[in-house]
Structure formats: C-alpha cells, structure tokens
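Accompanying notes for the structure given below.
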Amino acid sequence: MRDDFSEEVKRTVAARVGYRCSRPACRALTSGPQVDPAKALNVGVAAHITAASPGGPRYDPARSAEERRHANNAIWLCQTCGKLVDNDQTKFTEVELRQWKRNAEAEALTLIGKTEVASVETSRPSWPKSQGVYITESSETIPGFPRVLVGYRSENSKDFWGGSFACRGTLRLFDSHGWAGISDFPNTMNGCSAGVFMIRWRAAHPDALIASTLGYSPELILGETKIGSFGYMYSNNCEQPLFRFADSPDSNESTLVDIYYELKFWQATP
Ligand SMILES: [Zn+2]
C-alpha cells in the first residue's frame with residue numbers, strides 16, 4: 001500500500017517553492033501555459049523524501065502512514081530530478097533532500113514579490129568572467145552555469161566537438177593515488193580556442209578536503225591548485241579538471257572519497 005500525497009499537499013509544496021524544482025543545480029520552472037487557455041501545464045512532481053511504500057527509496061518503517069503522506073515528507077522536483085533522486089538513493093539521502101527543500105523554500109521566501117532582475121542577482125553568485133580554479137564554502141555559493149556565453153553555443157550532453165558526453169557523474173578519489181581526471185575527458189592539445197568547459201563539483205563528505213586544478217593530463221598540471229570541499233573550474237578545450245586527496249597532517253581514516261560533478265561544454269561559434 002502506498003501512502004500517496006493528496007492534491008492539496010502537492011499544490012502546497014509546489015507553491016512553497018514558487019513552482020521551481022528544489023534541486024539546487026536545477027531550479028527548473030515546473031509550471032506554464034497549455035494551448036487550451038483554461039489549462040496549465042505541470043511538469044513537477046511531489047517526490048517522497050522517505051518512500052510511500054516498503055522497498056521504495058529512503059523508506060523508513062518507523063514513520064506512520066500519516067507522516068509519509070504529510071507535506072513534511074514531500075519535496076517539489078521537476079520530473080527529471082524526481083527520477084534522479086529515486087534512482088540513486090545512496091547518493092541522495094533524506095538529509096540532503098531536506099536541505100534542498102529548506103533552501104528552496106528560503107529562496108522562494110527571499111524572492112517573493114521581487115522582479116526577475118533582482119531575483120537573478122540574489123539567488124546565487126554569477127559565473128566568473130575569468131577562467132581558473134575556484135573554491136567555495138558551500139554548495140549554495142557555487143555559481144550556476146550561465147545560460148549564454150558570447151561566441152559559444154552549448155548543447156546538453158555534447159562535448160567541445162559535438163560528441164556525446166555524460167555531463168554529470170561521480171569521480172572516486174583514493175588517497176594513495178595522485179591526480180585523477182574524469183574518464184575520457186575530451187580535451188586535446190591543439191586549437192585551444194575551439195571550446196571551453198565549466199565544471200561544478202563537491203565532495204560527497206562536506207569535511208573531505210580535495211585539491212583541484214587544471215592540466216593537460218594528470219601528469220601535466222598547468223596552474224594553481226586550490227583546496228576545499230566545494231568548487232568550480234572554467235577553462236578551454238586544451239585542459240581538463242583534475243582532483244586529488246588534499247595533503248593534511250592530521251589525516252583521518254578515509255581512504256577514498258567521491259566527488260559529484262556537473263559539466264557544461266561550449267563550442268565556439270562565428
Ligand atoms: Zn530539476
């Protein structure tokens with residue numbers, strides 16, 4: 001038996017986040033007009049933070065049916081992110097989803113009644129003009145990818161060369177290893193103006209310290225290294241993002257840590 005949400009609960013959780021997806025990296029609008037002027041389109045879902053039925057993602061047998069159906073147990077997501085969080089429940093924990101929900105509601109509260117320009121300025125820092133290696137204090141302060149970049153175009157899941165490439169993933173770092181890059185990253189050593197890439201990343205454990213840098217390859221580091229648990233990088237098609245465990249004198253017991261990342265590739269246009 002599934003403990004589904006009522007229509008009223010769904011409407012409420014959607015309205016509390018301004019009908020935007022609550023996943024920080026997404027924030028897609030989930031509502032809009034249909035051709036029929038009397039109807040609205042909805043591409044959002046009220047996802048269960050802990051599953052509606054046994055065997056579902058993040059199911060917690062300690063909760064009552066009433067708790068599982070309550071608005072407290074619902075997070076508003078777009079359909080894509082709804083599938084994402086239910087397919088990988090080890091990556092998207094209850095704690096993390098609750099954090100997303102709190103942040104999305106807090107953002108909706110600060111933006112309520114503001115104009116579009118003000119809302120863009122207040123939601124996140126903007127992507128920097130200069131290429132380089134950047135570290136932030138939290139996921140919330142990693143800039144979102146820009147929608148446009150003058151002189152370039154970008155297509156979902158396509159690299160600099162128009163080939164298909166997975167633009168999000170996990171990179172596992174082992175503390176005994178050196179620099180590691182994303183498998184088959186499509187950089188080449190010539191024509192360093194054909195494209196640029198952007199990457200946003202964070203460590204799976206917020207207290208894990210990761211060194212990040214840019215290089216031709218793990219053996220050929222080019223510039224500065226920055227250490228932190230959250231960050232982003234921006235460079236051209238000759239370079240790739242590289243990561244390793246940061247040296248730390250009082251190193252804890254961990255021998256590996258995962259990094260979650262998202263990439264955006266841009267191809268040069270006339
Ligand atoms: Zn989404």
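Ordered as shown in the structure tokens, chains take letters A, B, and onward, while each chain numbers its residues from 1 and ligands are numbered from 1 in the order shown.
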
field: Contacts of ligand 1, 12 Å or closer, only C-alpha atoms and all ligand atoms, given as JSON, numbers by chain
entry: {"A": [19, 20, 21, 22, 23, 24, 25, 26, 27, 28, 29, 30, 43, 44, 45, 46, 47, 75, 76, 77, 78, 79, 80, 81, 82, 83, 84, 85, 100, 104]}

field: Backbone-only DSSP, strand (DSSP E or B) members of region 1-245 of chain A, as a count of residues only
entry: 72

message: With only C-alpha atoms as the counted atoms, please give the residues lying no more than 6 Å from Glu105 (chain A), apart from itself and same-chain residues fewer than 3 positions off, as a list in words.
response: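 Residues meeting the cut-off are Arg16, Val17, Arg102 and Ala108 of chain A.
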
Output N, CA and C atoms of each residue in that selection to a file, as a JSON list (two decimals), in the first residue's frame.
```
[["chain", "number", "residue", "atom", "x", "y", "z"],
["A", 16, "ARG", "N", 5.02, 26.50, -2.27],
["A", 16, "ARG", "CA", 6.01, 26.95, -1.28],
["A", 16, "ARG", "C", 7.40, 27.16, -1.87],
["A", 17, "VAL", "N", 7.65, 26.59, -3.06],
["A", 17, "VAL", "CA", 8.95, 26.82, -3.71],
["A", 17, "VAL", "C", 8.76, 27.56, -5.04],
["A", 102, "ARG", "N", 14.64, 22.95, 2.38],
["A", 102, "ARG", "CA", 14.80, 24.16, 3.21],
["A", 102, "ARG", "C", 15.34, 25.30, 2.37],
["A", 108, "ALA", "N", 12.60, 30.94, -2.17],
["A", 108, "ALA", "CA", 11.29, 31.44, -2.61],
["A", 108, "ALA", "C", 10.83, 32.59, -1.72]]
```

Contact table region 175-267 of chain A vs region 147-167 of chain A, cut-off 8 Å, shortest pair per residue, only C-alpha atoms, as a Markdown table:
```
| residue | atom | partner | partner_atom | distance |
| --- | --- | --- | --- | --- |
| A:Pro186 | CA | A:Asp159 | CA | 7.0 |
| A:Ala194 | CA | A:Phe160 | CA | 7.1 |
| A:Gly195 | CA | A:Phe160 | CA | 5.3 |
| A:Val196 | CA | A:Phe160 | CA | 7.1 |
| A:Phe197 | CA | A:Phe160 | CA | 7.8 |
| A:Asn237 | CA | A:Phe160 | CA | 6.9 |
| A:Glu262 | CA | A:Cys167 | CA | 5.6 |
| A:Leu263 | CA | A:Cys167 | CA | 4.8 |
| A:Lys264 | CA | A:Cys167 | CA | 6.5 |
| A:Phe265 | CA | A:Asp159 | CA | 5.3 |
| A:Trp266 | CA | A:Ser154 | CA | 4.6 |
| A:Gln267 | CA | A:Phe160 | CA | 5.1 |
```

Write the residues of the preceding selection, restricted to N, CA and C atoms, as a JSON list (two decimals), in the first residue's frame.
```
[["chain", "number", "residue", "atom", "x", "y", "z"],
["A", 186, "PRO", "N", 37.30, 15.02, -23.03],
["A", 186, "PRO", "CA", 37.59, 15.21, -24.46],
["A", 186, "PRO", "C", 38.56, 16.35, -24.79],
["A", 194, "ALA", "N", 38.77, 26.32, -29.52],
["A", 194, "ALA", "CA", 37.61, 25.70, -30.15],
["A", 194, "ALA", "C", 36.44, 25.56, -29.17],
["A", 195, "GLY", "N", 36.77, 25.54, -27.89],
["A", 195, "GLY", "CA", 35.69, 25.38, -26.93],
["A", 195, "GLY", "C", 36.15, 25.70, -25.52],
["A", 196, "VAL", "N", 35.19, 25.82, -24.64],
["A", 196, "VAL", "CA", 35.50, 25.98, -23.22],
["A", 196, "VAL", "C", 34.60, 25.02, -22.44],
["A", 197, "PHE", "N", 35.04, 24.70, -21.22],
["A", 197, "PHE", "CA", 34.17, 23.90, -20.35],
["A", 197, "PHE", "C", 34.04, 24.56, -19.00],
["A", 237, "ASN", "N", 39.48, 24.03, -24.19],
["A", 237, "ASN", "CA", 39.46, 22.62, -24.62],
["A", 237, "ASN", "C", 40.83, 21.94, -24.60],
["A", 262, "GLU", "N", 29.17, 18.30, -12.24],
["A", 262, "GLU", "CA", 28.35, 18.61, -13.41],
["A", 262, "GLU", "C", 29.22, 19.41, -14.37],
["A", 263, "LEU", "N", 29.12, 19.10, -15.64],
["A", 263, "LEU", "CA", 29.94, 19.77, -16.66],
["A", 263, "LEU", "C", 29.05, 20.51, -17.64],
["A", 264, "LYS", "N", 29.61, 21.57, -18.19],
["A", 264, "LYS", "CA", 28.94, 22.20, -19.33],
["A", 264, "LYS", "C", 30.02, 22.52, -20.37],
["A", 265, "PHE", "N", 29.84, 22.01, -21.57],
["A", 265, "PHE", "CA", 30.78, 22.26, -22.66],
["A", 265, "PHE", "C", 30.20, 23.32, -23.59],
["A", 266, "TRP", "N", 31.10, 24.15, -24.13],
["A", 266, "TRP", "CA", 30.67, 25.19, -25.07],
["A", 266, "TRP", "C", 31.52, 25.06, -26.34],
["A", 267, "GLN", "N", 30.86, 25.13, -27.47],
["A", 267, "GLN", "CA", 31.56, 25.09, -28.77],
["A", 267, "GLN", "C", 31.61, 26.49, -29.36]]
```

message: Taking only region 116-167 of chain A into account, list the residues labelled alpha helix (DSSP H) by DSSP (computed from the backbone), as a PyMOL selection string.
response: chain A and resi 116-123

Produce a file of the selected residues containing C-alpha atoms, as an mmCIF file, in the first residue's frame.
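Result written to again20.cif:
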```
data_model
loop_
_atom_site.group_PDB
_atom_site.id
_atom_site.type_symbol
_atom_site.label_atom_id
_atom_site.label_comp_id
_atom_site.auth_asym_id
_atom_site.auth_seq_id
_atom_site.Cartn_x
_atom_site.Cartn_y
_atom_site.Cartn_z
ATOM 1 C CA GLU A 116 13.179 38.995 -12.315
ATOM 2 C CA VAL A 117 16.415 41.023 -12.381
ATOM 3 C CA ALA A 118 16.515 41.212 -8.600
ATOM 4 C CA SER A 119 15.806 37.505 -8.304
ATOM 5 C CA VAL A 120 18.674 36.512 -10.594
ATOM 6 C CA GLU A 121 21.046 38.715 -8.616
ATOM 7 C CA THR A 122 20.054 37.405 -5.221
ATOM 8 C CA SER A 123 19.818 33.690 -5.902
#
```

- prompt: Counting only C-alpha atoms, what is within 12 Å of Arg200 (chain A), bar same-chain residues fewer than 6 positions away, as a PyMOL selection string?
  reply: chain A and resi 24-25+127+133-136+138-146+167-170+212+229-234+241+259-265

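For the pair CA of Glu66 (chain A) and CA of Arg98 (chain A), the separation is 18.1 Å.
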
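Atom pair CA of Asp258 (chain A) / CA of Phe174 (chain A) has a distance of 8.9 Å (rounded to one decimal).
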
- prompt: CA of Asp88 (chain A) to CA of Gly56 (chain A): how many Å, to one decimal?
  reply: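 Calculated distance between CA of Asp88 (chain A) and CA of Gly56 (chain A) is 11.2 Å.
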
All residues 7 Å or closer to Leu242 (chain A), only C-alpha atoms, same chain fewer than 6 positions away omitted, as a PyMOL selection string: chain A and resi 179-181+212-215+218
